[in-house]
There are 2 protein chains.
Amino acid sequence: MVSPRPAVAALAAYAPGEQPQGGGWVKLNTNELPFPPPPAAVEAIRKAAGDRLNRYPDPTGLAFRQTAANRLGLKPDWILPGNGSDEILTLLIRTFCRSADGRSDSPTGTGDLIASPHPTYTLYRTLAEIQNCPFEPVPLKGDWSWDWDRVEDVKQRAKLFFVPVPNSPSGTVWDAETLGRLIPDDGLLVLDGAYADFEDGHLGLELLEGPRGESIVLTRTLSKSYGLAGLRIGYAAARPEVIAAMAKVKDSYNCDALALAGGTAALNDPPWLEKTVEAIRAERQRLIDGLASLGFVVEPSGGNFVFCTHPDRKHKGRFDFLKERRILVRYFAFTNWPDGTPDGLRITVGTKEETDALLAELAKFSG
Amino acid sequence: MVSPRPAVAALAAYAPGEQPQGGGWVKLNTNELPFPPPPAAVEAIRKAAGDRLNRYPDPTGLAFRQTAANRLGLKPDWILPGNGSDEILTLLIRTFCRSADGRSDSPTGTGDLIASPHPTYTLYRTLAEIQNCPFEPVPLKGDWSWDWDRVEDVKQRAKLFFVPVPNSPSGTVWDAETLGRLIPDDGLLVLDGAYADFEDGHLGLELLEGPRGESIVLTRTLSKSYGLAGLRIGYAAARPEVIAAMAKVKDSYNCDALALAGGTAALNDPPWLEKTVEAIRAERQRLIDGLASLGFVVEPSGGNFVFCTHPDRKHKGRFDFLKERRILVRYFAFTNWPDGTPDGLRITVGTKEETDALLAELAKFSG
């Protein structure tokens, strides 16, 4: 066989959460919304499907960019649409981070440093490995707060510092002052807002508009809060020169006509989002209360999920127990986190019926 | 500003063909089908839009892969779906070609060589530049045939050799024996079949199934022959070990639920494709005859477009003249092609009415 790049040959493929394609599952493992997307989005998609699908989409995604910009009070040239915000993460790395590929003597000796807190979304590390960039996790303290000595050290060297707010799997929300202290000396702080809408859709905006704004990138996805995981649409918000550099690297037609149409319609329906976020927050509280009554310790969460542990530490047992009953949650074991919790469960906020089913089964678990 | 990678900073962004978003244009510039896609595809998209769009799509795209594999008489693990075949091209480069980024002293001194014929689809060069790989065009002879001395030289060094069949902008179709002579010694021959369906949907398959099959990749898109440019769906067909390496590099959810559903439905309608290809071929002949009667020299074409020149060489003048009349074709000027034609027009096969409008306006051109 023709050899792949050594970095790819060495790579363990990223394993996304399970996506059973058949029905009959209570699916609380990948933080999808349990409700359908805004009816206006479905309508726009159906219309676009009959419109001019034989024509290429607008490569600049102008209508989408205008709408997303309006929502944040920015101009359209501050926005780059992506095929989900995962594509935005890849584009950031390809735009800003030199690979170490050219150094045959030292595969990771050069290349630009990519950092993220630990524990967090594990895709950051995979994407760094694909690009053959050095990756450095910054271990959080056991209470999910920052270890500032470690931050100060990595800030001097990181080209990209990926920080999700709210964080996953913990749900932690750091305030703007804390986030401002994370900006690399000569790099970008990427505030991954996949779950921002559940806390505050404007999260990070004051940093982007502040004096260090040229070092800030916000990412957003419509996969979570808008119930559009199947559509693949997200975006970056950043200074125009950052967006222009990323636009050079993206495929011309990275977003399809249906995603642009559906995404634009969804963003144009703020009342729908408000109502949905309210429902998720109420159900999140019910889930937290239910878990607490079963003896779980639940982290405060700004997302549409909660991270919980049980004093008996039988997290893997509970995960398997639930899966046997066709309830999927996410089991996380954290390696190299000496001062933190070794493992736990992340549970998506579902419908009332799903929460009830989950709690009922968990109550039966005896270990 | 935080500096992008030097390779990105130096990059002139790829300029796709113009995509005016308003109506009123006769659009013969980007080889889209002038007809809507298969009704079954539109129906499948509309159904999927109401189904479970709040859920992530199948990251493996299994149903699509099964259908595409069936069409070619292959197994599903020989197929990788992509967000258009442009994404497949990017994935091939990221999987197989080491970037020269790590060598600060010699930005393109190392890195794996990417080659293509010249003239051809100019995106190959842009994608090589994004990855910071050396790129080498292999100039065709003036009659669009291969210069075998140049081929023998580049075959020894190329990691990826991109060859579109039919070629663009010429429409040239090289036979299997000729293509077999292009396989790199230690690299992949990528037969880009964006336009294959207009000639023979199985183009290249005998090479993939032949003794050097591990060095062959076929790419396909549904953007052209299936009238689905707006949907972004294409695929690679290659040996399973090649597909497995590429799958490590792709985003988990690179193809959305609507593209997978619509693409699967389209591929499941061979009679629609047969009828459509027949209509395009008939109209192509009418276009060729009409251009010839206006004094043009037209290249034989296996695609849904033709490349033509006029003895008076006023190609740019005709392009501008047509554009003023809201008819878009593509003007190509070929730099560094000393033995070939300096420039010409590539014209997409449109509807009868579009061909008539084009020919009527061209007849009025006086230079």
# chains A, B, ... in the order shown; residues from 1 in each chain; ligands from 1
>>> residues_around(residues="stretch 115-123 of chain A", least_positions_apart="3", cutoff="6 Å", atoms="only C-alpha atoms", output="ChimeraX atom specification")
/A:126,135-140,161-163,168
>>> residues_around(residues="B:Thr309", least_positions_apart="3", cutoff="7 Å", atoms="only C-alpha atoms", output="PyMOL selection string")
chain B and resi 296-298+313+344-345
>>> write_last_selection(atoms="C-alpha atoms", output="short mmCIF file (atom, residue, chain, number, x, y, z; two decimals), in the first residue's frame")
data_model
loop_
_atom_site.label_atom_id
_atom_site.label_comp_id
_atom_site.auth_asym_id
_atom_site.auth_seq_id
_atom_site.Cartn_x
_atom_site.Cartn_y
_atom_site.Cartn_z
CA PHE B 296 -15.23 27.68 -33.90
CA VAL B 297 -12.85 24.77 -33.51
CA VAL B 298 -14.35 22.50 -30.85
CA ARG B 313 -8.57 34.48 -31.18
CA GLY B 344 -10.32 29.69 -25.27
CA LEU B 345 -13.86 29.30 -24.00
#
>>> select_by_dssp(residues="stretch 262-316 of chain A", states="strand (DSSP E)", output="ChimeraX atom specification")
/A:297-298,305-309
>>> closest_residue(among="B:Arg281, B:Lys314, B:Lys352, B:Arg71", to="B:Leu205", atoms="only C-alpha atoms")
B:Arg71
>>> residues_around(residues="B:Trp78", least_positions_apart="2", cutoff="9 Å", atoms="only C-alpha atoms", output="ChimeraX atom specification")
/B:65,69,74-76,80,236-244
>>> residues_around(residues="A:Ser3", least_positions_apart="6", cutoff="12 Å", atoms="only C-alpha atoms", output="list in words")
Ala9 and Ala10 of chain A; Leu92, Thr95, Phe96, Cys97, Arg98, Asp112, Lys159, Leu160, Asp186, Gly187, Leu188, Glu214, Ser215, Glu241, Val242, Ala245 and Met246 of chain B
>>> select_by_dssp(residues="stretch 199-340 of chain A", states="alpha helix (DSSP H)", output="PyMOL selection string")
chain A and resi 199+205-208+240-249+257-267+270-293+315-324
>>> atom_distance(atom1="atom CA of B:Ala41", atom2="atom CA of B:Ala279")
19.3 Å
>>> closest_residue(among="B:Pro6, B:Pro164, B:Gly17, B:Gly193", to="A:Pro57", atoms="only C-alpha atoms")
B:Gly17
>>> residues_around(residues="stretch 355-365 of chain A", least_positions_apart="5", cutoff="8 Å", atoms="only C-alpha atoms", output="ChimeraX atom specification")
/A:287,290-291,294,318,321-322,327,349-350
>>> write_last_selection(atoms="N, CA, C and O atoms", output="PDB file, in the first residue's frame")
ATOM      1  N   LEU A 287     -33.645  17.057  35.985  1.00  0.00           N
ATOM      2  CA  LEU A 287     -32.665  15.964  35.886  1.00  0.00           C
ATOM      3  C   LEU A 287     -31.669  16.030  37.050  1.00  0.00           C
ATOM      4  O   LEU A 287     -31.367  15.011  37.693  1.00  0.00           O
ATOM      5  N   GLY A 290     -33.361  14.965  40.212  1.00  0.00           N
ATOM      6  CA  GLY A 290     -33.586  13.516  40.218  1.00  0.00           C
ATOM      7  C   GLY A 290     -32.305  12.743  40.493  1.00  0.00           C
ATOM      8  O   GLY A 290     -32.296  11.777  41.269  1.00  0.00           O
ATOM      9  N   LEU A 291     -31.212  13.175  39.861  1.00  0.00           N
ATOM     10  CA  LEU A 291     -29.932  12.500  40.071  1.00  0.00           C
ATOM     11  C   LEU A 291     -29.474  12.669  41.519  1.00  0.00           C
ATOM     12  O   LEU A 291     -28.978  11.730  42.146  1.00  0.00           O
ATOM     13  N   LEU A 294     -30.942  10.409  43.873  1.00  0.00           N
ATOM     14  CA  LEU A 294     -30.404   9.043  43.788  1.00  0.00           C
ATOM     15  C   LEU A 294     -28.975   8.981  44.336  1.00  0.00           C
ATOM     16  O   LEU A 294     -28.275   7.982  44.165  1.00  0.00           O
ATOM     17  N   ARG A 318     -23.031   1.445  35.752  1.00  0.00           N
ATOM     18  CA  ARG A 318     -24.306   2.105  35.439  1.00  0.00           C
ATOM     19  C   ARG A 318     -24.449   2.350  33.934  1.00  0.00           C
ATOM     20  O   ARG A 318     -25.531   2.195  33.365  1.00  0.00           O
ATOM     21  N   PHE A 321     -25.357  -0.917  32.418  1.00  0.00           N
ATOM     22  CA  PHE A 321     -26.715  -1.251  32.865  1.00  0.00           C
ATOM     23  C   PHE A 321     -27.751  -0.484  32.030  1.00  0.00           C
ATOM     24  O   PHE A 321     -28.727  -1.049  31.536  1.00  0.00           O
ATOM     25  N   LEU A 322     -27.493   0.803  31.843  1.00  0.00           N
ATOM     26  CA  LEU A 322     -28.428   1.616  31.057  1.00  0.00           C
ATOM     27  C   LEU A 322     -28.429   1.185  29.587  1.00  0.00           C
ATOM     28  O   LEU A 322     -29.481   1.094  28.954  1.00  0.00           O
ATOM     29  N   ILE A 327     -30.781   2.681  26.896  1.00  0.00           N
ATOM     30  CA  ILE A 327     -30.601   4.095  27.247  1.00  0.00           C
ATOM     31  C   ILE A 327     -29.117   4.406  27.109  1.00  0.00           C
ATOM     32  O   ILE A 327     -28.288   3.811  27.779  1.00  0.00           O
ATOM     33  N   VAL A 349     -29.626  16.383  28.462  1.00  0.00           N
ATOM     34  CA  VAL A 349     -30.983  16.736  28.874  1.00  0.00           C
ATOM     35  C   VAL A 349     -31.941  16.326  27.751  1.00  0.00           C
ATOM     36  O   VAL A 349     -31.835  16.832  26.624  1.00  0.00           O
ATOM     37  N   GLY A 350     -32.829  15.392  28.041  1.00  0.00           N
ATOM     38  CA  GLY A 350     -33.779  14.914  27.028  1.00  0.00           C
ATOM     39  C   GLY A 350     -35.176  15.456  27.288  1.00  0.00           C
ATOM     40  O   GLY A 350     -35.345  16.498  27.942  1.00  0.00           O
TER      41      GLY A 350
END
>>> closest_residue(among="A:Ile280, A:Ala257, A:Val26, A:Val165", to="chain B", atoms="only C-alpha atoms")
A:Ala257
>>> closest_residue(among="A:Ala49, A:Cys133, A:Val277, A:Val151", to="chain B", atoms="only C-alpha atoms")
A:Ala49
>>> closest_residue(among="A:Glu152, A:Asp256, A:Asp185, A:Glu177", to="chain B", atoms="only C-alpha atoms")
A:Asp256
>>> closest_residue(among="A:Leu218, A:Cys255, A:Ala176, A:Ala196", to="chain B", atoms="only C-alpha atoms")
A:Cys255
>>> residues_around(residues="B:Pro59", least_positions_apart="3", cutoff="8 Å", atoms="only C-alpha atoms", output="list in words")
Gln19 of chain A; Tyr56, Ser252, Tyr253, Asn254 and Cys255 of chain B
>>> write_last_selection(atoms="all heavy atoms", output="CSV table (one decimal), in the first residue's frame")
chain,number,residue,atom,x,y,z
A,19,GLN,N,-23.9,6.4,17.4
A,19,GLN,CA,-25.1,6.9,16.7
A,19,GLN,C,-25.9,5.8,16.2
A,19,GLN,O,-25.8,5.5,15.0
A,19,GLN,CB,-24.6,7.9,15.6
A,19,GLN,CG,-23.7,9.0,16.0
A,19,GLN,CD,-24.4,10.0,16.9
A,19,GLN,OE1,-25.6,9.9,17.2
A,19,GLN,NE2,-23.7,11.1,17.3
B,56,TYR,N,-27.6,13.5,15.0
B,56,TYR,CA,-26.4,13.4,14.1
B,56,TYR,C,-26.6,12.4,13.0
B,56,TYR,O,-27.3,11.4,13.2
B,56,TYR,CB,-25.1,13.1,14.9
B,56,TYR,CG,-24.6,14.3,15.6
B,56,TYR,CD1,-24.9,14.5,16.9
B,56,TYR,CD2,-23.8,15.3,14.9
B,56,TYR,CE1,-24.4,15.7,17.6
B,56,TYR,CE2,-23.4,16.4,15.6
B,56,TYR,CZ,-23.7,16.6,16.9
B,56,TYR,OH,-23.2,17.7,17.6
B,252,SER,N,-16.0,13.6,11.6
B,252,SER,CA,-16.9,12.5,11.8
B,252,SER,C,-18.2,12.7,11.1
B,252,SER,O,-18.7,11.7,10.5
B,252,SER,CB,-17.3,12.5,13.3
B,252,SER,OG,-16.1,12.3,14.1
B,253,TYR,N,-18.7,13.9,11.0
B,253,TYR,CA,-20.0,14.1,10.4
B,253,TYR,C,-19.8,15.0,9.1
B,253,TYR,O,-20.4,16.1,9.0
B,253,TYR,CB,-21.0,14.7,11.4
B,253,TYR,CG,-21.1,13.9,12.6
B,253,TYR,CD1,-20.6,14.4,13.8
B,253,TYR,CD2,-21.7,12.7,12.6
B,253,TYR,CE1,-20.7,13.6,15.0
B,253,TYR,CE2,-21.8,11.9,13.8
B,253,TYR,CZ,-21.3,12.4,15.0
B,253,TYR,OH,-21.4,11.7,16.1
B,254,ASN,N,-18.9,14.6,8.2
B,254,ASN,CA,-18.6,15.4,7.1
B,254,ASN,C,-19.8,15.5,6.1
B,254,ASN,O,-19.9,16.5,5.4
B,254,ASN,CB,-17.3,14.9,6.4
B,254,ASN,CG,-17.5,13.5,5.8
B,254,ASN,OD1,-18.1,12.7,6.4
B,254,ASN,ND2,-16.8,13.3,4.6
B,255,CYS,N,-20.6,14.5,6.1
B,255,CYS,CA,-21.8,14.5,5.2
B,255,CYS,C,-23.0,14.6,6.0
B,255,CYS,O,-23.2,13.9,7.0
B,255,CYS,CB,-21.8,13.3,4.3
B,255,CYS,SG,-20.4,13.2,3.2
>>> residues_around(residues="B:Trp174", least_positions_apart="5", cutoff="10 Å", atoms="only C-alpha atoms", output="ChimeraX atom specification")
/B:144-146,163-167,179-180,203,302
>>> atom_distance(atom1="atom CA of A:Ser99", atom2="atom CA of B:Ser99")
6.7 Å
>>> decode(residues="stretch 132-144 of chain A", atoms="N, CA and C atoms", output="short mmCIF file (atom, residue, chain, number, x, y, z; two decimals), in the first residue's frame")
data_model
loop_
_atom_site.label_atom_id
_atom_site.label_comp_id
_atom_site.auth_asym_id
_atom_site.auth_seq_id
_atom_site.Cartn_x
_atom_site.Cartn_y
_atom_site.Cartn_z
N ASN A 132 -0.39 17.00 12.66
CA ASN A 132 0.97 16.76 13.18
C ASN A 132 1.53 18.01 13.87
N CYS A 133 0.73 18.51 14.78
CA CYS A 133 1.14 19.62 15.63
C CYS A 133 1.29 19.12 17.06
N PRO A 134 2.24 19.66 17.81
CA PRO A 134 2.30 19.30 19.22
C PRO A 134 1.03 19.76 19.93
N PHE A 135 0.58 18.94 20.87
CA PHE A 135 -0.66 19.24 21.60
C PHE A 135 -0.36 19.19 23.10
N GLU A 136 -0.87 20.17 23.81
CA GLU A 136 -0.62 20.19 25.25
C GLU A 136 -1.91 20.40 26.03
N PRO A 137 -2.31 19.41 26.80
CA PRO A 137 -3.48 19.60 27.67
C PRO A 137 -3.09 20.39 28.90
N VAL A 138 -3.94 21.30 29.31
CA VAL A 138 -3.70 22.08 30.52
C VAL A 138 -4.66 21.54 31.59
N PRO A 139 -4.14 20.71 32.51
CA PRO A 139 -5.05 20.07 33.47
C PRO A 139 -5.77 21.10 34.34
N LEU A 140 -7.07 20.97 34.40
CA LEU A 140 -7.84 21.80 35.31
C LEU A 140 -7.65 21.28 36.72
N LYS A 141 -7.99 22.11 37.69
CA LYS A 141 -7.98 21.61 39.06
C LYS A 141 -9.20 20.72 39.27
N GLY A 142 -9.22 20.02 40.38
CA GLY A 142 -10.29 19.04 40.63
C GLY A 142 -11.68 19.64 40.61
N ASP A 143 -11.77 20.95 40.88
CA ASP A 143 -13.08 21.61 40.86
C ASP A 143 -13.35 22.29 39.51
N TRP A 144 -12.62 21.87 38.47
CA TRP A 144 -12.78 22.38 37.11
C TRP A 144 -12.40 23.86 36.99
#
